[in-house]
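Listing of data_1.cif, mmCIF, C-alpha atoms, pLDDT in the B column; chains and numbers go by the auth columns
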data_coords
loop_
_atom_site.group_PDB
_atom_site.id
_atom_site.type_symbol
_atom_site.label_atom_id
_atom_site.label_comp_id
_atom_site.label_asym_id
_atom_site.label_seq_id
_atom_site.Cartn_x
_atom_site.Cartn_y
_atom_site.Cartn_z
_atom_site.B_iso_or_equiv
_atom_site.auth_seq_id
_atom_site.auth_asym_id
ATOM 1 C CA VAL A 1 66.032 89.590 42.332 82.00 130 V
ATOM 2 C CA GLY A 2 65.214 87.171 45.088 80.00 131 V
ATOM 3 C CA GLU A 3 62.885 84.533 46.419 82.00 132 V
ATOM 4 C CA SER A 4 59.416 85.340 47.725 81.00 133 V
ATOM 5 C CA GLY A 5 59.594 86.871 51.174 83.00 134 V
ATOM 6 C CA CYS A 6 63.199 88.088 50.951 85.00 135 V
ATOM 7 C CA GLY A 7 62.267 91.788 51.180 85.00 136 V
ATOM 8 C CA LYS A 8 62.141 93.023 47.578 87.00 137 V
ATOM 9 C CA THR A 9 58.780 94.758 47.924 86.00 138 V
ATOM 10 C CA THR A 10 59.670 95.998 51.409 89.00 139 V
ATOM 11 C CA LEU A 11 62.736 97.673 49.911 87.00 140 V
ATOM 12 C CA ALA A 12 60.560 99.318 47.234 88.00 141 V
ATOM 13 C CA ARG A 13 58.154 100.573 49.905 87.00 142 V
ATOM 14 C CA CYS A 14 61.086 102.005 51.857 87.00 143 V
ATOM 15 C CA LEU A 15 62.362 103.745 48.721 86.00 144 V
ATOM 16 C CA ILE A 16 59.052 105.543 48.227 85.00 145 V
ATOM 17 C CA ARG A 17 58.734 106.067 51.986 83.00 146 V
ATOM 18 C CA ALA A 18 55.473 104.160 52.231 86.00 147 V
ATOM 19 C CA ILE A 19 57.226 102.590 55.217 86.00 148 V
ATOM 20 C CA SER A 20 60.302 103.784 57.102 82.00 149 V
ATOM 21 C CA PRO A 21 63.436 101.672 57.148 82.00 150 V
ATOM 22 C CA ASP A 22 64.646 100.372 60.508 84.00 151 V
ATOM 23 C CA GLU A 23 68.126 101.712 59.815 85.00 152 V
ATOM 24 C CA GLY A 24 70.241 103.224 57.058 84.00 153 V
ATOM 25 C CA THR A 25 69.527 106.113 54.731 84.00 154 V
ATOM 26 C CA ILE A 26 67.866 106.600 51.376 84.00 155 V
ATOM 27 C CA VAL A 27 69.552 109.183 49.170 86.00 156 V
ATOM 28 C CA PHE A 28 67.991 110.117 45.849 84.00 157 V
ATOM 29 C CA SER A 29 69.394 112.226 43.047 84.00 158 V
ATOM 30 C CA SER A 30 66.400 114.445 42.338 79.00 159 V
ATOM 31 C CA SER A 31 66.094 117.238 39.799 76.00 160 V
ATOM 32 C CA SER A 32 67.181 119.640 42.559 79.00 161 V
ATOM 33 C CA GLY A 33 70.211 117.603 43.705 83.00 162 V
ATOM 34 C CA LEU A 34 70.884 114.872 46.239 87.00 163 V
ATOM 35 C CA ILE A 35 68.231 114.522 48.913 84.00 164 V
ATOM 36 C CA ASN A 36 68.056 112.256 51.927 84.00 165 V
ATOM 37 C CA PHE A 37 64.545 110.778 51.966 77.00 166 V
ATOM 38 C CA HIS A 38 65.111 109.219 55.362 74.00 167 V
ATOM 39 C CA ASP A 39 65.398 112.577 57.147 76.00 168 V
ATOM 40 C CA MET A 40 62.558 114.408 55.343 82.00 169 V
ATOM 41 C CA SER A 41 59.150 115.128 56.808 84.00 170 V
ATOM 42 C CA GLU A 42 56.088 114.000 54.851 82.00 171 V
ATOM 43 C CA ARG A 43 55.385 117.632 53.918 84.00 172 V
ATOM 44 C CA ASP A 44 58.925 118.245 52.657 82.00 173 V
ATOM 45 C CA LEU A 45 58.856 114.954 50.763 82.00 174 V
ATOM 46 C CA LEU A 46 55.719 115.774 48.766 80.00 175 V
ATOM 47 C CA PRO A 47 57.431 117.642 45.877 78.00 176 V
ATOM 48 C CA TYR A 48 59.771 114.687 45.330 82.00 177 V
ATOM 49 C CA ARG A 49 57.092 111.986 45.364 83.00 178 V
ATOM 50 C CA ARG A 50 56.293 112.540 41.709 86.00 179 V
ATOM 51 C CA GLU A 51 59.926 111.881 40.735 89.00 180 V
ATOM 52 C CA ILE A 52 59.627 108.255 41.896 91.00 181 V
ATOM 53 C CA GLN A 53 56.682 106.201 40.711 93.00 182 V
ATOM 54 C CA LEU A 54 55.710 102.601 41.340 93.00 183 V
ATOM 55 C CA VAL A 55 54.132 100.045 39.008 94.00 184 V
ATOM 56 C CA PHE A 56 52.709 97.096 40.899 87.00 185 V
ATOM 57 C CA GLN A 57 52.650 93.403 40.030 85.00 186 V
ATOM 58 C CA ASP A 58 48.895 93.022 39.719 86.00 187 V
ATOM 59 C CA PRO A 59 47.285 95.334 37.161 85.00 188 V
ATOM 60 C CA PHE A 60 43.860 93.937 38.095 86.00 189 V
ATOM 61 C CA SER A 61 43.904 95.350 41.631 88.00 190 V
ATOM 62 C CA SER A 62 46.078 98.399 40.871 89.00 191 V
ATOM 63 C CA LEU A 63 43.328 100.359 39.125 95.00 192 V
ATOM 64 C CA ASN A 64 40.116 101.715 40.618 95.00 193 V
ATOM 65 C CA PRO A 65 37.349 99.836 38.759 95.00 194 V
ATOM 66 C CA HIS A 66 34.950 102.786 39.180 96.00 195 V
ATOM 67 C CA MET A 67 37.133 105.244 37.250 97.00 196 V
ATOM 68 C CA THR A 68 37.538 105.554 33.492 97.00 197 V
ATOM 69 C CA VAL A 69 41.000 105.464 31.956 97.00 198 V
ATOM 70 C CA ARG A 70 40.799 109.227 31.503 97.00 199 V
ATOM 71 C CA GLN A 71 40.036 109.721 35.196 97.00 200 V
ATOM 72 C CA LEU A 72 42.798 107.304 36.203 97.00 201 V
ATOM 73 C CA LEU A 73 45.372 109.158 34.109 97.00 202 V
ATOM 74 C CA GLU A 74 44.209 112.665 35.024 96.00 203 V
ATOM 75 C CA GLU A 75 44.252 111.966 38.759 95.00 204 V
ATOM 76 C CA PRO A 76 48.056 112.097 39.378 93.00 205 V
ATOM 77 C CA PRO A 77 48.576 115.490 37.656 93.00 206 V
ATOM 78 C CA ILE A 78 45.564 116.860 39.557 92.00 207 V
ATOM 79 C CA ILE A 79 46.928 115.637 42.893 88.00 208 V
ATOM 80 C CA HIS A 80 50.379 117.076 42.177 87.00 209 V
ATOM 81 C CA ARG A 81 48.988 120.234 40.528 86.00 210 V
ATOM 82 C CA ILE A 82 51.375 119.992 37.597 85.00 211 V
ATOM 83 C CA THR A 83 49.230 120.239 34.478 79.00 212 V
ATOM 84 C CA LYS A 84 46.819 123.014 33.632 85.00 213 V
ATOM 85 C CA ARG A 85 43.261 121.846 33.102 83.00 214 V
ATOM 86 C CA SER A 86 43.335 122.961 29.449 83.00 215 V
ATOM 87 C CA MET A 87 46.433 120.817 28.742 90.00 216 V
ATOM 88 C CA ARG A 88 45.502 117.754 30.801 92.00 217 V
ATOM 89 C CA LEU A 89 43.558 115.850 28.129 93.00 218 V
ATOM 90 C CA GLU A 90 46.331 116.316 25.564 95.00 219 V
ATOM 91 C CA LYS A 91 48.884 114.967 28.032 95.00 220 V
ATOM 92 C CA VAL A 92 46.640 111.964 28.731 96.00 221 V
ATOM 93 C CA LYS A 93 46.212 111.263 25.000 97.00 222 V
ATOM 94 C CA ASP A 94 49.975 111.549 24.463 97.00 223 V
ATOM 95 C CA ILE A 95 50.841 109.109 27.243 97.00 224 V
ATOM 96 C CA LEU A 96 48.217 106.634 25.990 97.00 225 V
ATOM 97 C CA ASP A 97 49.840 106.738 22.566 97.00 226 V
ATOM 98 C CA ARG A 98 53.282 106.151 24.077 97.00 227 V
ATOM 99 C CA VAL A 99 52.103 103.008 25.888 97.00 228 V
ATOM 100 C CA GLN A 100 50.450 101.859 22.650 97.00 229 V
ATOM 101 C CA LEU A 101 46.807 102.201 23.675 97.00 230 V
ATOM 102 C CA SER A 102 44.080 103.809 21.580 96.00 231 V
ATOM 103 C CA VAL A 103 42.492 107.140 22.468 95.00 232 V
ATOM 104 C CA ASN A 104 39.216 105.185 22.380 96.00 233 V
ATOM 105 C CA SER A 105 40.340 103.741 25.723 96.00 234 V
ATOM 106 C CA LEU A 106 39.656 107.029 27.528 97.00 235 V
ATOM 107 C CA THR A 107 35.989 106.358 28.262 97.00 236 V
ATOM 108 C CA ARG A 108 36.385 102.691 29.136 97.00 237 V
ATOM 109 C CA TYR A 109 36.733 101.143 32.595 97.00 238 V
ATOM 110 C CA PRO A 110 39.612 98.853 33.663 96.00 239 V
ATOM 111 C CA ASN A 111 37.473 95.701 33.646 95.00 240 V
ATOM 112 C CA SER A 112 37.064 95.991 29.865 96.00 241 V
ATOM 113 C CA PHE A 113 40.812 95.540 29.244 96.00 242 V
ATOM 114 C CA SER A 114 43.098 92.520 29.140 94.00 243 V
ATOM 115 C CA GLY A 115 45.856 92.087 31.720 92.00 244 V
ATOM 116 C CA GLY A 116 48.522 93.447 29.384 94.00 245 V
ATOM 117 C CA GLU A 117 46.396 96.471 28.505 96.00 246 V
ATOM 118 C CA ARG A 118 45.738 97.148 32.184 96.00 247 V
ATOM 119 C CA GLN A 119 49.459 97.012 32.885 96.00 248 V
ATOM 120 C CA ARG A 120 49.975 99.534 30.071 96.00 249 V
ATOM 121 C CA ILE A 121 47.459 101.812 31.832 97.00 250 V
ATOM 122 C CA CYS A 122 49.407 101.389 35.091 96.00 251 V
ATOM 123 C CA ILE A 123 52.639 102.275 33.278 97.00 252 V
ATOM 124 C CA ALA A 124 50.970 105.318 31.701 97.00 253 V
ATOM 125 C CA ARG A 125 49.705 106.390 35.126 96.00 254 V
ATOM 126 C CA ALA A 126 53.243 106.241 36.498 96.00 255 V
ATOM 127 C CA LEU A 127 54.800 108.040 33.527 97.00 256 V
ATOM 128 C CA ILE A 128 52.285 110.885 33.325 96.00 257 V
ATOM 129 C CA LEU A 129 54.141 112.642 36.165 93.00 258 V
ATOM 130 C CA ASN A 130 57.465 112.557 34.269 92.00 259 V
ATOM 131 C CA PRO A 131 59.343 110.668 36.986 93.00 260 V
ATOM 132 C CA ARG A 132 63.093 110.136 37.087 92.00 261 V
ATOM 133 C CA LEU A 133 62.804 106.660 38.637 93.00 262 V
ATOM 134 C CA VAL A 134 60.140 104.013 38.120 96.00 263 V
ATOM 135 C CA ILE A 135 60.050 101.091 40.512 95.00 264 V
ATOM 136 C CA LEU A 136 58.586 98.069 38.755 95.00 265 V
ATOM 137 C CA ASP A 137 57.487 95.509 41.335 91.00 266 V
ATOM 138 C CA GLU A 138 57.233 92.278 39.329 89.00 267 V
ATOM 139 C CA PRO A 139 55.241 94.077 36.604 91.00 268 V
ATOM 140 C CA VAL A 140 54.936 91.060 34.316 90.00 269 V
ATOM 141 C CA ALA A 141 54.468 88.236 36.835 87.00 270 V
ATOM 142 C CA ALA A 142 50.664 88.194 36.453 83.00 271 V
ATOM 143 C CA LEU A 143 50.773 88.187 32.636 88.00 272 V
ATOM 144 C CA ASP A 144 50.988 85.491 29.951 90.00 273 V
ATOM 145 C CA LEU A 145 54.454 84.829 28.488 90.00 274 V
ATOM 146 C CA SER A 146 53.746 86.516 25.139 89.00 275 V
ATOM 147 C CA VAL A 147 52.343 89.585 26.897 93.00 276 V
ATOM 148 C CA GLN A 148 55.328 89.638 29.272 92.00 277 V
ATOM 149 C CA ALA A 149 57.662 90.063 26.305 92.00 278 V
ATOM 150 C CA GLN A 150 55.525 92.881 24.882 95.00 279 V
ATOM 151 C CA ILE A 151 55.542 94.747 28.204 95.00 280 V
ATOM 152 C CA ILE A 152 59.301 94.284 28.677 94.00 281 V
ATOM 153 C CA ASN A 153 59.908 95.620 25.140 95.00 282 V
ATOM 154 C CA LEU A 154 57.592 98.566 25.824 97.00 283 V
ATOM 155 C CA LEU A 155 59.405 99.347 29.082 97.00 284 V
ATOM 156 C CA GLU A 156 62.755 99.276 27.299 96.00 285 V
ATOM 157 C CA GLN A 157 61.446 101.622 24.592 97.00 286 V
ATOM 158 C CA LEU A 158 59.973 104.019 27.181 97.00 287 V
ATOM 159 C CA GLN A 159 63.183 103.976 29.199 96.00 288 V
ATOM 160 C CA HIS A 160 65.125 105.280 26.204 96.00 289 V
ATOM 161 C CA GLU A 161 62.390 107.697 25.160 95.00 290 V
ATOM 162 C CA PHE A 162 61.979 109.312 28.597 95.00 291 V
ATOM 163 C CA GLY A 163 65.516 108.803 29.940 94.00 292 V
ATOM 164 C CA LEU A 164 64.143 106.805 32.875 95.00 293 V
ATOM 165 C CA SER A 165 65.903 104.833 35.548 94.00 294 V
ATOM 166 C CA TYR A 166 64.197 101.596 36.527 96.00 295 V
ATOM 167 C CA LEU A 167 64.396 99.515 39.641 93.00 296 V
ATOM 168 C CA PHE A 168 63.057 96.217 38.367 92.00 297 V
ATOM 169 C CA ILE A 169 61.993 93.783 41.076 91.00 298 V
ATOM 170 C CA ALA A 170 61.639 90.137 40.082 86.00 299 V
ATOM 171 C CA HIS A 171 61.881 86.645 41.448 79.00 300 V
ATOM 172 C CA ASP A 172 62.923 85.247 38.083 74.00 301 V
ATOM 173 C CA LEU A 173 66.141 86.400 36.381 70.00 302 V
ATOM 174 C CA SER A 174 64.871 85.532 32.902 69.00 303 V
#

Rewrite the structure from the file as C-alpha coordinates, please.
Amino acid sequence: VGESGCGKTTLARCLIRAISPDEGTIVFSSSSGLINFHDMSERDLLPYRREIQLVFQDPFSSLNPHMTVRQLLEEPPIIHRITKRSMRLEKVKDILDRVQLSVNSLTRYPNSFSGGERQRICIARALILNPRLVILDEPVAALDLSVQAQIINLLEQLQHEFGLSYLFIAHDLS
(Lines of atoms letter the chains of each structure in order from A and count residues from 1; the text may use other names and numbers.)
(Lines give C-alpha, C1' and ligand atoms only; values in the text may rest on other atoms or scores of the structure.)
Protein backbone atom coordinates (compact mmCIF):
# COMPACT_ATOMS: atom_id res chain seq x y z
CA VAL A 1 0.00 0.00 0.00
CA GLY A 2 1.29 3.44 -0.80
CA GLU A 3 0.74 6.71 -2.58
CA SER A 4 0.99 7.05 -6.35
CA GLY A 5 4.59 7.08 -7.47
CA CYS A 6 6.05 5.36 -4.39
CA GLY A 7 7.22 2.28 -6.32
CA LYS A 8 4.46 -0.31 -5.87
CA THR A 9 4.23 -1.22 -9.55
CA THR A 10 8.01 -1.02 -9.94
CA LEU A 11 8.32 -3.60 -7.17
CA ALA A 12 5.82 -5.87 -8.96
CA ARG A 13 7.78 -5.52 -12.21
CA CYS A 14 10.98 -6.43 -10.37
CA LEU A 15 9.28 -9.49 -8.87
CA ILE A 16 8.35 -10.81 -12.31
CA ARG A 17 11.71 -9.67 -13.69
CA ALA A 18 10.15 -7.37 -16.26
CA ILE A 19 12.81 -4.98 -14.96
CA SER A 20 15.91 -5.72 -12.90
CA PRO A 21 16.28 -4.28 -9.43
CA ASP A 22 19.17 -1.90 -8.80
CA GLU A 23 20.21 -3.91 -5.75
CA GLY A 24 19.05 -6.73 -3.51
CA THR A 25 17.78 -10.18 -4.37
CA ILE A 26 14.46 -11.77 -5.20
CA VAL A 27 14.00 -15.25 -3.78
CA PHE A 28 10.90 -17.24 -4.65
CA SER A 29 9.66 -20.51 -3.21
CA SER A 30 8.80 -22.34 -6.42
CA SER A 31 7.45 -25.86 -6.82
CA SER A 32 11.07 -27.03 -7.16
CA GLY A 33 12.39 -25.18 -4.08
CA LEU A 34 13.88 -21.77 -3.35
CA ILE A 35 15.19 -19.95 -6.39
CA ASN A 36 16.98 -16.64 -6.70
CA PHE A 37 15.31 -14.77 -9.57
CA HIS A 38 17.92 -12.04 -9.47
CA ASP A 39 20.75 -14.35 -10.57
CA MET A 40 18.85 -16.32 -13.25
CA SER A 41 19.23 -15.85 -16.98
CA GLU A 42 16.08 -15.19 -19.02
CA ARG A 43 16.30 -18.73 -20.43
CA ASP A 44 16.61 -20.34 -16.99
CA LEU A 45 13.78 -18.16 -15.68
CA LEU A 46 11.26 -19.26 -18.32
CA PRO A 47 9.97 -22.39 -16.51
CA TYR A 48 9.25 -20.32 -13.39
CA ARG A 49 7.43 -17.49 -15.16
CA ARG A 50 4.16 -19.38 -15.13
CA GLU A 51 4.31 -19.74 -11.33
CA ILE A 52 3.96 -15.96 -10.91
CA GLN A 53 1.21 -14.17 -12.79
CA LEU A 54 0.17 -10.54 -12.88
CA VAL A 55 -3.29 -8.98 -13.06
CA PHE A 56 -3.15 -5.33 -14.05
CA GLN A 57 -5.22 -2.37 -12.89
CA ASP A 58 -6.89 -1.60 -16.19
CA PRO A 59 -8.87 -4.50 -17.67
CA PHE A 60 -9.70 -2.34 -20.71
CA SER A 61 -6.10 -2.14 -21.94
CA SER A 62 -4.97 -5.52 -20.56
CA LEU A 63 -6.74 -7.59 -23.21
CA ASN A 64 -6.05 -7.71 -26.94
CA PRO A 65 -9.27 -6.38 -28.53
CA HIS A 66 -8.69 -8.49 -31.66
CA MET A 67 -8.77 -11.83 -29.82
CA THR A 68 -11.81 -13.73 -28.58
CA VAL A 69 -12.01 -14.81 -24.95
CA ARG A 70 -11.16 -18.34 -26.05
CA GLN A 71 -8.02 -17.13 -27.82
CA LEU A 72 -7.05 -14.96 -24.85
CA LEU A 73 -7.36 -17.88 -22.44
CA GLU A 74 -5.73 -20.47 -24.70
CA GLU A 75 -2.70 -18.29 -25.41
CA PRO A 76 -0.82 -18.72 -22.07
CA PRO A 77 -0.97 -22.56 -22.08
CA ILE A 78 0.15 -22.55 -25.73
CA ILE A 79 3.10 -20.27 -24.97
CA HIS A 80 4.15 -22.37 -21.97
CA ARG A 81 3.34 -25.68 -23.71
CA ILE A 82 1.50 -27.04 -20.69
CA THR A 83 -1.86 -28.24 -21.96
CA LYS A 84 -2.45 -30.72 -24.74
CA ARG A 85 -4.53 -29.36 -27.60
CA SER A 86 -7.31 -31.89 -26.91
CA MET A 87 -7.62 -30.73 -23.27
CA ARG A 88 -7.21 -26.98 -23.82
CA LEU A 89 -10.87 -26.10 -24.44
CA GLU A 90 -12.00 -28.00 -21.34
CA LYS A 91 -9.45 -26.14 -19.23
CA VAL A 92 -10.65 -22.82 -20.67
CA LYS A 93 -14.30 -23.68 -19.94
CA ASP A 94 -13.39 -24.73 -16.39
CA ILE A 95 -11.52 -21.51 -15.62
CA LEU A 96 -14.37 -19.42 -17.07
CA ASP A 97 -16.77 -21.18 -14.73
CA ARG A 98 -14.49 -20.54 -11.75
CA VAL A 99 -14.41 -16.79 -12.45
CA GLN A 100 -18.20 -16.86 -12.85
CA LEU A 101 -18.42 -16.20 -16.59
CA SER A 102 -20.61 -18.10 -19.03
CA VAL A 103 -19.21 -20.48 -21.64
CA ASN A 104 -21.08 -18.28 -24.12
CA SER A 105 -18.28 -15.76 -23.53
CA LEU A 106 -15.79 -17.85 -25.51
CA THR A 107 -16.63 -16.40 -28.92
CA ARG A 108 -17.01 -12.80 -27.78
CA TYR A 109 -14.41 -10.03 -27.90
CA PRO A 110 -13.30 -7.96 -24.88
CA ASN A 111 -15.14 -4.82 -26.00
CA SER A 112 -18.48 -6.59 -25.51
CA PHE A 113 -17.91 -7.01 -21.75
CA SER A 114 -18.28 -4.68 -18.78
CA GLY A 115 -15.24 -3.64 -16.75
CA GLY A 116 -15.90 -6.23 -14.05
CA GLU A 117 -16.34 -8.99 -16.63
CA ARG A 118 -13.11 -7.96 -18.35
CA GLN A 119 -11.28 -8.11 -15.03
CA ARG A 120 -12.69 -11.62 -14.53
CA ILE A 121 -11.21 -12.55 -17.93
CA CYS A 122 -7.85 -11.11 -16.83
CA ILE A 123 -8.02 -13.14 -13.61
CA ALA A 124 -8.91 -16.28 -15.59
CA ARG A 125 -5.97 -15.62 -17.92
CA ALA A 126 -3.62 -15.45 -14.94
CA LEU A 127 -5.06 -18.53 -13.23
CA ILE A 128 -5.10 -20.79 -16.29
CA LEU A 129 -1.38 -21.46 -15.76
CA ASN A 130 -1.94 -22.67 -12.17
CA PRO A 131 0.42 -20.13 -10.60
CA ARG A 132 1.59 -20.17 -7.00
CA LEU A 133 1.63 -16.36 -6.71
CA VAL A 134 -0.65 -13.81 -8.33
CA ILE A 135 0.40 -10.18 -8.23
CA LEU A 136 -2.69 -7.98 -8.32
CA ASP A 137 -1.70 -4.44 -9.29
CA GLU A 138 -4.67 -2.34 -8.15
CA PRO A 139 -7.10 -4.79 -9.80
CA VAL A 140 -10.25 -2.99 -8.69
CA ALA A 141 -9.20 0.66 -8.99
CA ALA A 142 -10.83 1.11 -12.41
CA LEU A 143 -14.13 -0.49 -11.35
CA ASP A 144 -17.35 0.78 -9.74
CA LEU A 145 -17.68 0.24 -5.97
CA SER A 146 -20.26 -2.56 -6.25
CA VAL A 147 -18.13 -4.37 -8.83
CA GLN A 148 -15.02 -3.88 -6.67
CA ALA A 149 -16.68 -5.84 -3.87
CA GLN A 150 -17.66 -8.64 -6.26
CA ILE A 151 -14.10 -8.94 -7.59
CA ILE A 152 -12.57 -8.89 -4.09
CA ASN A 153 -14.99 -11.65 -3.00
CA LEU A 154 -14.15 -13.66 -6.12
CA LEU A 155 -10.42 -13.27 -5.47
CA GLU A 156 -10.87 -14.45 -1.89
CA GLN A 157 -12.86 -17.49 -3.07
CA LEU A 158 -10.26 -18.34 -5.74
CA GLN A 159 -7.42 -17.94 -3.25
CA HIS A 160 -8.92 -20.65 -1.05
CA GLU A 161 -9.92 -22.84 -3.98
CA PHE A 162 -6.49 -22.80 -5.67
CA GLY A 163 -4.30 -22.31 -2.58
CA LEU A 164 -2.90 -19.09 -4.05
CA SER A 165 -0.65 -16.48 -2.56
CA TYR A 166 -1.50 -12.91 -3.51
CA LEU A 167 0.56 -9.78 -3.54
CA PHE A 168 -2.16 -7.15 -3.57
CA ILE A 169 -1.00 -3.68 -4.58
CA ALA A 170 -3.26 -0.77 -3.66
CA HIS A 171 -3.21 2.89 -2.83
CA ASP A 172 -6.28 2.59 -0.64
CA LEU A 173 -6.28 0.37 2.47
CA SER A 174 -10.05 -0.11 2.40

Pairwise distance for atom CA of V:Gln182 and atom CA of V:Gly131, rounded to one decimal in Å: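 Atom CA of V:Gln182 sits 21.3 Å away from atom CA of V:Gly131.
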
When distances are computed from all atoms listed in the file, which of V:Arg237, V:Met169, V:Ile257, V:Ile250 shows the smallest separation from V:Val221?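 Going through V:Arg237, V:Met169, V:Ile257, V:Ile250 one by one, the smallest distance to V:Val221 is for V:Ile257.
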
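We find atom CA of V:Arg179 and atom CA of V:Gly245 to be spaced 24.0 Å apart.
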
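Taken over the shown file, the PyMOL selection byres ((chain V and resi 154) around 8) identifies Pro150, Glu152, Gly153, Ile155, Val156, Asn165, Phe166 and His167 of chain V.
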
Taking C-alpha atoms for each residue, export the selection above as a tab-separated table (two decimals), keeping the file's coordinate frame.
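Output (out.tsv):
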chain	number	residue	atom	x	y	z
V	150	PRO	CA	63.44	101.67	57.15
V	152	GLU	CA	68.13	101.71	59.82
V	153	GLY	CA	70.24	103.22	57.06
V	155	ILE	CA	67.87	106.60	51.38
V	156	VAL	CA	69.55	109.18	49.17
V	165	ASN	CA	68.06	112.26	51.93
V	166	PHE	CA	64.54	110.78	51.97
V	167	HIS	CA	65.11	109.22	55.36

With the PyMOL selection byres ((chain V and resi 141) around 10) as the selection, what would be picked from this file? Answer as a PyMOL selection string, please. chain V and resi 136-140+142-148+183+264-266+296-298

So the first atom is atom CA of V:Gln200 and the second is atom CA of V:Tyr238; what is the distance between them in Å, to one decimal place?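 For atom CA of V:Gln200 relative to atom CA of V:Tyr238, the distance reads 9.6 Å.
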
Which residues would end up in the selection if the PyMOL selection byres ((chain V and resi 195) around 12) were applied here, given that I need the answer as a list in words? Ser190, Leu192, Asn193, Pro194, Met196, Thr197, Val198, Arg199, Gln200, Leu201, Thr236, Arg237, Tyr238, Pro239, Asn240 and Ser241 of chain V

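Residue nearest V:Ile208, chosen from V:Ile281, V:Val184, V:Ala253, V:Leu258 and counting all atoms listed in the file: V:Leu258.
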
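The nearest approach to V:Cys251 among the residues V:Met216, V:Leu202, V:Ala299, V:Leu274, with only C-alpha atoms taken into account, belongs to V:Leu202.
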
Of the residues V:Asp273, V:Glu219, V:Glu203, V:Glu290, which is the one nearest to V:Arg254, using all atoms listed in the file?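 With all atoms listed in the file as the atom set, the closest residue is V:Glu203.
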
Can you tell me which residues surround V:Leu225 at a distance of at most 9 Å, considering all atoms listed in the file, apart from same-chain residues fewer than 2 positions away, and format the answer as an mmCIF file with C-alpha atoms, in the frame of the given file?
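What follows is the written file out-v2.cif:
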data_model
loop_
_atom_site.group_PDB
_atom_site.id
_atom_site.type_symbol
_atom_site.label_atom_id
_atom_site.label_comp_id
_atom_site.auth_asym_id
_atom_site.auth_seq_id
_atom_site.Cartn_x
_atom_site.Cartn_y
_atom_site.Cartn_z
ATOM 1 C CA LEU V 202 45.372 109.158 34.109
ATOM 2 C CA LYS V 220 48.884 114.967 28.032
ATOM 3 C CA VAL V 221 46.640 111.964 28.731
ATOM 4 C CA LYS V 222 46.212 111.263 25.000
ATOM 5 C CA ASP V 223 49.975 111.549 24.463
ATOM 6 C CA ARG V 227 53.282 106.151 24.077
ATOM 7 C CA VAL V 228 52.103 103.008 25.888
ATOM 8 C CA GLN V 229 50.450 101.859 22.650
ATOM 9 C CA LEU V 230 46.807 102.201 23.675
ATOM 10 C CA SER V 231 44.080 103.809 21.580
ATOM 11 C CA VAL V 232 42.492 107.140 22.468
ATOM 12 C CA SER V 234 40.340 103.741 25.723
ATOM 13 C CA LEU V 235 39.656 107.029 27.528
ATOM 14 C CA ARG V 249 49.975 99.534 30.071
ATOM 15 C CA ILE V 250 47.459 101.812 31.832
ATOM 16 C CA ALA V 253 50.970 105.318 31.701
#

Using all atoms listed in the file, which of V:Pro205, V:Pro176, V:Gly244, V:Gly134 sits nearest V:Val269? V:Gly244

Of the candidates V:Ser159, V:Gln277, V:Gln288, V:Val263, which one gets nearest to V:Leu174 if we count all atoms listed in the file?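 Result for the nearest residue to V:Leu174: V:Ser159.
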